[in-house]
2 protein chains.
Amino acid sequence: MEIICIGNELLIGKILNTNAQWIARRATSLGVIVKRITVVSDDVDEIASAVKEAVQRGSRFIITTGGLGPTFDDKTLEGIAKALNRELKLNEKALKMIKEKYESYFKAGKIEEAEMASYRAKMAMLPEGAEPLPNPVGTAPGVLINTMSSILIALPGFPHEMEAIFESSIVPLLKKESKGLTFYGASLNVNGIMESTLAPLLEITMRDNPHVYIKSYPRSEKGEPHIEVYLSTIAENSEIAKSRLGRAAIQLSELVKEKGGRARASGSSKTYSSP
Amino acid sequence: MEIICIGNELLIGKILNTNAQWIARRATSLGVIVKRITVVSDDVDEIASAVKEAVQRGSRFIITTGGLGPTFDDKTLEGIAKALNRELKLNEKALKMIKEKYESYFKAGKIEEAEMASYRAKMAMLPEGAEPLPNPVGTAPGVLINTMSSILIALPGFPHEMEAIFESSIVPLLKKESKGLTFYGASLNVNGIMESTLAPLLEITMRDNPHVYIKSYPRSEKGEPHIEVYLSTIAENSEIAKSRLGRAAIQLSELVKEKGGRARASGSSKTYSSP
């Protein structure tokens with residue numbers, strides 16, 4: 001999977017990219033590997049380049065966030081259309097979804113007019129062949145496009161809308177793709193030895209446990225050394241995962257002990273969980 | 001500028017990419033535009049591809065974060081060397097910096113041995129022609145490489161080390177590049193009209209204020225509509241910026257009023273500031 005986040009607010013550092021983290025964490029927990037995250041501005045050519053590059057790299061899933069709203073700077077669908085060489089056309093299904101939203105807002109007294117001004121209809125202009133995805137909590141529908149090699153999905157930038165469409169329309173697709181594989185992670189806290197002493201021990205443990213990915217996160221090199229070691233695996237079920245992670249954790253703990261350090265699993269309730 | 005963040009922990013959603021936001025905000029405040037942020041894994045080929053692509057796009061500054069430490073999964077310099085077709089060689093200046101750090105930790109009783117094990121020396125293996133940048137608060141030096149068109153800078157992933165090297169070695173380069181231009185931003189809170197009603201008013205204001213970039217961030221479409229409008233400009237000094245932003249803000253406020261909405265500047269002390 002690749003994630004493409006669209007929005008100048010990310011490139012000027014106005015906001016943190018919490019959407020990328022949320023999608024990465026959720027996809028990983030379902031056993032789907034995220035290979036790249038790209039952030040580009042609200043510019044048709046920049047969006048088109050980023051999408052085209054991801055398609056060319058052959059990603060099975062490409063998920064974009066942001067730029068689906070009614071204003072002039074919402075350019076995601078124009079960028080995608082350009083990348084795929086497709087026309088933007090009024091999608092009747094999307095138009096119906098949006099109309100029903102505005103009518104319900106009008107009936108509830110939340111807006112003053114229910115008609116579809118051109119700015120509202122803009123959200124129904126989708127690349128040819130696209131499928132709108134219902135937005136349970138907002139106005140702009142998500143958009144799904146099948147290309148030869150990829151499934152391209154455009155989601156809104158508002159976290160609660162993005163998450164709602166992801167859960168209802170994307171999670172089932174990812175589950176099907178990963179065939180029930182799931183990600184499992186566990187942390188080991190290592191104290192009393194330095195990162196450079198730990199490095200060869202990690203290499204031995206990785207070599208002996210080829211299905212376990214290990215990465216170290218040193219917290220301090222100057223005070224008392226403290227290193228978080230994160231072990232993870234993608235497995236068919238939690239039994240297999242637990243046995244793999246447990247075996248690697250025990251081997252590493254013993255190696256650390258031999259070098260005079262201490263290793264302990266962090267919070268058992270969180271031991272085998274999503275990132 | 002382009003920012004490339006290296007680390008599996010970002011791609012599994014284990015941590016938020018606060019480094020990207022920090023660099024984006026700081027560079028923007030100095031008048032340097034960030035065009036793209038890319039996140040890739042701790043994999044030599046992935047790093048090399050991302051760096052090569054950024055160089056080919058002709059970015060003046062390319063800043064990487066992460067992957068400079070002593071462990072096997074710190075592969076940033078290997079990736080950069082591959083992208084630039086350069087050899088990794090022991091850099092004497094970098095070696096001296098690292099040696100002095102470990103000696104000082106040893107003298108302070110913080111580590112048990114001062115010698116340069118191969119894992120420590122790994123941090124001094126730089127691409128040919130690279131310049132090490134002093135790390136005031138940690139061990140791994142930053143790395144600066146001049147290519148034909150770009151200045152490539154590799155920074156550690158620990159936020160406090162990354163920020164310290166950025167402030168001491170990168171800020172002076174960016175200031176020189178932007179020739180004293182500075183970024184100024186101001187927010188306008190718009191209430192009582194919907195995003196789709198505001199959209200044409202933003203277009204008029206942008207058309208009449210070509211040096212001001214305007215973007216709207218709707219907060220709610222279902223309750224009382226509330227939209228933050230963010231105006232920004234890059235200018236020689238704050239007088240020019242204030243007059244540009246003030247003129248655009250007044251015009252937009254009047255247009256909003258005509259449509260029955262309200263617009264007010266948010267917190268005057270923060271009116272003309274960095275993102």
# chains A, B, ... in the order shown; residues from 1 in each chain; ligands from 1
$ interface_residues --of "chain A" --to "chain B" --cutoff "8 Å" --atoms "only C-alpha atoms" --output "PyMOL selection string"
chain A and resi 10-18+20-26+28+33-41+70-73+105+110-111+117+119-120+138+194-197+199-200+203+215+221-224+275
$ select_by_dssp --residues "range 184-225 of chain A" --states "alpha helix (DSSP H)" --output "CSV table (one decimal) with N, CA and C atoms, in the first residue's frame"
chain,number,residue,atom,x,y,z
A,195,GLU,N,23.6,1.2,22.6
A,195,GLU,CA,23.1,0.8,21.3
A,195,GLU,C,24.2,0.0,20.5
A,196,SER,N,25.4,0.5,20.6
A,196,SER,CA,26.5,-0.1,19.8
A,196,SER,C,26.9,-1.5,20.3
A,197,THR,N,26.6,-1.7,21.6
A,197,THR,CA,26.8,-3.1,22.1
A,197,THR,C,25.7,-4.0,21.8
A,198,LEU,N,24.5,-3.4,21.7
A,198,LEU,CA,23.3,-4.2,21.4
A,198,LEU,C,23.3,-4.6,20.0
A,199,ALA,N,23.8,-3.8,19.1
A,199,ALA,CA,23.7,-4.0,17.6
A,199,ALA,C,24.0,-5.4,17.2
A,200,PRO,N,25.2,-6.0,17.6
A,200,PRO,CA,25.5,-7.3,17.1
A,200,PRO,C,24.6,-8.4,17.7
A,201,LEU,N,24.0,-8.1,18.9
A,201,LEU,CA,23.1,-9.1,19.5
A,201,LEU,C,21.8,-9.1,18.7
A,202,LEU,N,21.3,-7.9,18.2
A,202,LEU,CA,20.1,-7.9,17.4
A,202,LEU,C,20.4,-8.6,16.1
A,203,GLU,N,21.6,-8.5,15.5
A,203,GLU,CA,21.9,-9.2,14.3
A,203,GLU,C,21.8,-10.7,14.4
A,204,ILE,N,22.3,-11.2,15.5
A,204,ILE,CA,22.3,-12.6,15.8
A,204,ILE,C,20.8,-13.1,15.9
A,205,THR,N,20.0,-12.3,16.7
A,205,THR,CA,18.6,-12.7,16.9
A,205,THR,C,17.8,-12.6,15.6
A,206,MET,N,18.1,-11.6,14.8
A,206,MET,CA,17.4,-11.6,13.5
A,206,MET,C,17.7,-12.7,12.6
A,207,ARG,N,19.0,-13.1,12.6
A,207,ARG,CA,19.5,-14.2,11.7
A,207,ARG,C,18.8,-15.5,12.1
A,208,ASP,N,18.7,-15.7,13.4
A,208,ASP,CA,18.1,-16.9,13.9
A,208,ASP,C,16.6,-17.0,13.9
$ atom_distance --atom1 "CA of Asn91 in chain A" --atom2 "CA of Leu77 in chain A"
12.3 Å
$ atom_distance --atom1 "CA of Leu144 in chain A" --atom2 "CA of Pro159 in chain A"
18.1 Å
$ atom_distance --atom1 "CA of Asn191 in chain A" --atom2 "CA of Glu228 in chain A"
8.7 Å
